[in-house]
Amino acid sequence: MRSVRVTDHGMVWVMARTADVVIVGAGIMGVSTAYHLARLDAGRVLVLERDTVCSGSTALASGGIRHQYGNRLGVELTTHSIVTYERFEEEFGVDPNFRQHGYLILIATEQALALAHQSVALQRGLGVAVDLLDADDTRRLCPYLRTDDLLGATYSKRDGYADPYLCTTAIAARARELGVEIRQQCEVRGITRRGDRVTGVDTADGAVEAGAVVVATGAWSGRVGALAGVEIPVVPHRRHKFVTAPFPADTIPGATPFIIDPHGGFSMRREGEGVLLGIGRPDEPSSFSTEVDRSLEGRVVERAIHRAPALADAKLMRGWAGLYEMTPDQTGIVSGVPGVAGLYVIAGFSGHGFMHGPIAGQLMAEIVAHSRAVTMDASPLDLARFARGEAHVEPLTFV
Ligand SMILES: Cc1cc2nc3c(=O)[nH]c(=O)nc-3n(C[C@H](O)[C@H](O)[C@H](O)COP(=O)(O)OP(=O)(O)OC[C@H]3O[C@@H](n4cnc5c(N)ncnc54)[C@H](O)[C@@H]3O)c2cc1C
């Protein structure tokens with residue numbers, strides 16, 4: 001069944017009023033889930049997005065894809081996802097601009113070095129090619145870096161960064177071709193239940209009945225969960241990025257790795273002809289504000305010049321802020337919601353959601369369609385772990 005309405009501008013639209021699965025949110029998590037549900041022939045899939053496809057955090061992400069985690073789950077999620085980005089054009093017909101220039105994670109303290117040894121052993125044990133460099137090797141790899149205050153770095157050359165907007169819109173387009181309906185500018189304002197079973201959603205454009213509802217609303221998932229009377233422990237955390245004006249490639253080459261300086265709370269990579277700089281502010285309280293904090297500009301410039309002195313000649317062109325979607329253990333949720341049959345959540349990837357979107361969406365689709373994940377063990381992503389007091393806190397936390 002579909003509804004028809006004449007808008008203030010005289011335009012007519014139609015939207016399905018029933019669906020087998022409604023997905024709320026069209027960021028990487030929502031569209032990836034929709035695409036995989038369509039591939040699994042899971043019936044009529046309707047995605048409802050309050051704004052436009054890829055208008056939330058995914059649009060503001062740096063596109064980083066890395067294997068370098070200090071826990072098995074993080075490494076495995078990347079191992080499963082990176083192949084999608086590597087074969088993206090084959091599967092989705094769009095070049096994702098995946099620049100596999102590697103990830104270089106700088107080490108400045110003995111404690112970080114001890115952790116790097118452990119993490120590298122874990123990553124190698126899981127088949128990841130990763131090098132532990134000393135300061136001289138680090139300088140040879142990236143001669144523009146100041147390394148006299150470093151003990152070294154870890155380097156994984158298969159890693160890199162892709163374009164989140166291109167990827168998300170391409171996955172959405174393929175999902176549509178497979179029969180998924182994506183309704184934009186359609187905010188979900190209520191999630192309806194009959195007892196302990198979900199029955200659909202309410203939107204400004206009317207109600208939609210559905211046997212399954214998937215919450216894929218990123219940093220807003222706590223709020224959307226509350227519409228169904230359930231607690232989804234995801235809170236927003238503001239993150240900033242700044243980009244410089246064009247900067248000579250003979251000083252910092254285009255193929256430079258994505259460099260993370262955890263000690264300085266700073267990151268950099270090339271962005272077109274400029275350099276993209278990231279800065280963390282872990283002490284900032286949770287909020288939905290995406291206003292740019294101009295006081296960070298001085299700090300990011302100072303750290304950039306310290307680490308790459310050539311950047312003293314660079315000019316900041318613009319900055320933006322987006323929201324990380326944080327869970328208490330900085331690990332995502334891909335799960336049914338205990339106590340509410342038909343309600344699911346895929347959210348809370350705590351700043352790693354772009355890279356893990358392909359496998360997360362596949363696992364979510366398997367859980368919705370077949371009641372369990374088959375591609376890999378999704379139990380560490382279970383929502384119920386919080387109630388059980390289990391945590392998988394990632395030892396390597398970066399900007
Ligand atoms: C500055 C920055 C840099 C980042 N860099 C990286 C990186 O390098 N690598 C990486 O892997 N990750 C990175 N991330 C994290 C990544 O962006 C997120 O983990 C990922 O985008 C989350 O995807 P999502 O689909 O869950 O959320 P979103 O992309 O935010 O999508 C959620 C969607 O839900 C919609 N929505 C919300 N409420 C409703 C409602 N009531 N009804 C309908 N729709 C609704 C929103 O409009 C939005 O479009 C970065 C994030 C930021 C902010």
# chains A, B, ... in the order shown; residues from 1 in each chain; ligands from 1

call {"tool": "residues_near_ligand", "arguments": {"ligand": "ligand 1", "cutoff": "6 Å", "atoms": "only C-alpha atoms and all ligand atoms", "output": "ChimeraX atom specification"}}
result
/A:24-30,48-51,54-58,60-65,187-189,216-220,224,239-241,321-324,347,349-355

call {"tool": "select_by_dssp", "arguments": {"residues": "region 243-320 of chain A", "states": "strand (DSSP E or B)", "output": "ChimeraX atom specification"}}
result
/A:243-244,258-261,266-271,274-279,316-320

call {"tool": "closest_residue", "arguments": {"among": "A:Asp293, A:Asp20, A:Asp95, A:Glu89", "to": "Thr199 (chain A)", "atoms": "only C-alpha atoms"}}
result
A:Asp20

call {"tool": "select_by_dssp", "arguments": {"residues": "region 261-361 of chain A", "states": "helix (DSSP H, G or I)", "output": "MDAnalysis selection string"}}
result
chainID A and resid 295:307 309:313 353:361

call {"tool": "residues_around", "arguments": {"residues": "Gln100 (chain A)", "least_positions_apart": "5", "cutoff": "8 Å", "atoms": "only C-alpha atoms", "output": "list in words"}}
result
Lys157, Arg158, Asp159, Gly160 and Tyr161 of chain A

call {"tool": "closest_residue", "arguments": {"among": "A:Ala212, A:Val345, A:Ile259, A:Leu296", "to": "Ile232 (chain A)", "atoms": "only C-alpha atoms"}}
result
A:Val345

call {"tool": "closest_residue", "arguments": {"among": "A:Leu343, A:Ala310, A:Leu122, A:Ala170", "to": "Gly93 (chain A)", "atoms": "only C-alpha atoms"}}
result
A:Ala170

call {"tool": "atom_distance", "arguments": {"atom1": "CA of Leu316 (chain A)", "atom2": "CA of Glu302 (chain A)"}}
result
11.9 Å

call {"tool": "closest_residue", "arguments": {"among": "A:Tyr69, A:Tyr35, A:Phe98, A:Phe92", "to": "Ala255 (chain A)", "atoms": "only C-alpha atoms"}}
result
A:Phe98

call {"tool": "decode", "arguments": {"residues": "region 369-385 of chain A", "atoms": "all heavy atoms", "output": "CSV table (one decimal), in the first residue's frame"}}
result
chain,number,residue,atom,x,y,z
A,369,ALA,N,17.3,-10.8,8.4
A,369,ALA,CA,16.7,-11.8,7.5
A,369,ALA,C,16.8,-13.2,8.0
A,369,ALA,O,15.9,-14.0,7.8
A,369,ALA,CB,17.5,-11.7,6.1
A,370,HIS,N,17.9,-13.6,8.7
A,370,HIS,CA,18.0,-15.0,9.1
A,370,HIS,C,18.2,-15.2,10.6
A,370,HIS,O,18.6,-16.3,11.1
A,370,HIS,CB,19.3,-15.6,8.4
A,370,HIS,CG,19.2,-15.5,6.9
A,370,HIS,ND1,18.1,-15.9,6.2
A,370,HIS,CD2,20.1,-15.1,6.0
A,370,HIS,CE1,18.3,-15.7,4.9
A,370,HIS,NE2,19.5,-15.2,4.8
A,371,SER,N,18.0,-14.1,11.4
A,371,SER,CA,18.1,-14.2,12.9
A,371,SER,C,19.5,-14.3,13.4
A,371,SER,O,19.7,-14.4,14.6
A,371,SER,CB,17.2,-15.3,13.5
A,371,SER,OG,15.9,-15.2,13.0
A,372,ARG,N,20.5,-14.5,12.5
A,372,ARG,CA,21.8,-14.6,13.0
A,372,ARG,C,22.8,-14.2,12.0
A,372,ARG,O,22.6,-14.4,10.8
A,372,ARG,CB,22.2,-16.0,13.6
A,372,ARG,CG,22.1,-17.1,12.6
A,372,ARG,CD,22.4,-18.4,13.3
A,372,ARG,NE,22.6,-19.4,12.2
A,372,ARG,CZ,23.8,-19.7,11.7
A,372,ARG,NH1,24.9,-19.3,12.3
A,372,ARG,NH2,23.9,-20.6,10.7
A,373,ALA,N,24.0,-13.7,12.4
A,373,ALA,CA,25.0,-13.3,11.5
A,373,ALA,C,25.8,-14.6,11.1
A,373,ALA,O,26.1,-15.4,11.9
A,373,ALA,CB,26.0,-12.3,12.1
A,374,VAL,N,26.1,-14.7,9.8
A,374,VAL,CA,26.9,-15.8,9.3
A,374,VAL,C,28.3,-15.5,8.8
A,374,VAL,O,29.2,-16.3,8.9
A,374,VAL,CB,26.1,-16.6,8.2
A,374,VAL,CG1,24.9,-17.4,8.8
A,374,VAL,CG2,25.6,-15.7,7.1
A,375,THR,N,28.4,-14.3,8.3
A,375,THR,CA,29.7,-13.9,7.7
A,375,THR,C,30.8,-13.8,8.7
A,375,THR,O,31.9,-14.2,8.4
A,375,THR,CB,29.6,-12.6,6.9
A,375,THR,OG1,28.5,-12.7,6.0
A,375,THR,CG2,30.9,-12.2,6.2
A,376,MET,N,30.5,-13.3,9.9
A,376,MET,CA,31.5,-13.4,11.0
A,376,MET,C,30.7,-13.4,12.3
A,376,MET,O,29.5,-13.1,12.3
A,376,MET,CB,32.6,-12.3,10.9
A,376,MET,CG,32.1,-10.9,11.1
A,376,MET,SD,33.5,-9.7,11.2
A,376,MET,CE,33.8,-9.6,12.9
A,377,ASP,N,31.4,-13.7,13.4
A,377,ASP,CA,30.8,-13.7,14.7
A,377,ASP,C,30.4,-12.2,15.1
A,377,ASP,O,31.3,-11.4,15.2
A,377,ASP,CB,31.7,-14.3,15.7
A,377,ASP,CG,31.2,-14.3,17.1
A,377,ASP,OD1,29.9,-14.1,17.3
A,377,ASP,OD2,32.0,-14.4,18.0
A,378,ALA,N,29.1,-12.0,15.2
A,378,ALA,CA,28.7,-10.6,15.6
A,378,ALA,C,28.4,-10.5,17.0
A,378,ALA,O,27.9,-9.4,17.5
A,378,ALA,CB,27.4,-10.2,14.7
A,379,SER,N,28.6,-11.5,17.8
A,379,SER,CA,28.2,-11.5,19.2
A,379,SER,C,28.9,-10.3,20.0
A,379,SER,O,28.3,-9.7,20.9
A,379,SER,CB,28.4,-12.8,19.9
A,379,SER,OG,29.8,-13.2,19.9
A,380,PRO,N,30.2,-9.9,19.7
A,380,PRO,CA,30.8,-8.8,20.4
A,380,PRO,C,30.1,-7.5,20.1
A,380,PRO,O,30.4,-6.5,20.8
A,380,PRO,CB,32.2,-8.8,19.9
A,380,PRO,CG,32.5,-10.1,19.2
A,380,PRO,CD,31.2,-10.6,18.8
A,381,LEU,N,29.2,-7.5,19.1
A,381,LEU,CA,28.5,-6.2,18.8
A,381,LEU,C,27.1,-6.2,19.3
A,381,LEU,O,26.3,-5.3,19.0
A,381,LEU,CB,28.5,-6.1,17.2
A,381,LEU,CG,29.8,-6.0,16.5
A,381,LEU,CD1,29.7,-6.3,15.0
A,381,LEU,CD2,30.5,-4.7,16.8
A,382,ASP,N,26.8,-7.2,20.2
A,382,ASP,CA,25.5,-7.3,20.7
A,382,ASP,C,25.1,-6.2,21.7
A,382,ASP,O,25.9,-5.9,22.6
A,382,ASP,CB,25.5,-8.7,21.5
A,382,ASP,CG,24.1,-9.1,21.9
A,382,ASP,OD1,23.1,-8.5,21.4
A,382,ASP,OD2,24.0,-10.1,22.7
A,383,LEU,N,23.9,-5.7,21.6
A,383,LEU,CA,23.5,-4.6,22.5
A,383,LEU,C,23.5,-5.0,23.9
A,383,LEU,O,23.7,-4.2,24.8
A,383,LEU,CB,22.1,-4.0,22.0
A,383,LEU,CG,21.4,-3.0,22.8
A,383,LEU,CD1,22.3,-1.7,22.9
A,383,LEU,CD2,20.1,-2.7,22.3
A,384,ALA,N,23.1,-6.3,24.1
A,384,ALA,CA,22.9,-6.8,25.5
A,384,ALA,C,24.2,-6.8,26.3
A,384,ALA,O,24.2,-7.0,27.5
A,384,ALA,CB,22.3,-8.2,25.5
A,385,ARG,N,25.4,-6.6,25.6
A,385,ARG,CA,26.6,-6.7,26.4
A,385,ARG,C,26.7,-5.6,27.5
A,385,ARG,O,27.3,-5.8,28.5
A,385,ARG,CB,27.8,-6.6,25.4
A,385,ARG,CG,28.0,-5.2,24.8
A,385,ARG,CD,29.2,-5.2,23.9
A,385,ARG,NE,29.6,-3.9,23.3
A,385,ARG,CZ,29.1,-3.3,22.2
A,385,ARG,NH1,28.2,-4.0,21.5
A,385,ARG,NH2,29.5,-2.2,21.8
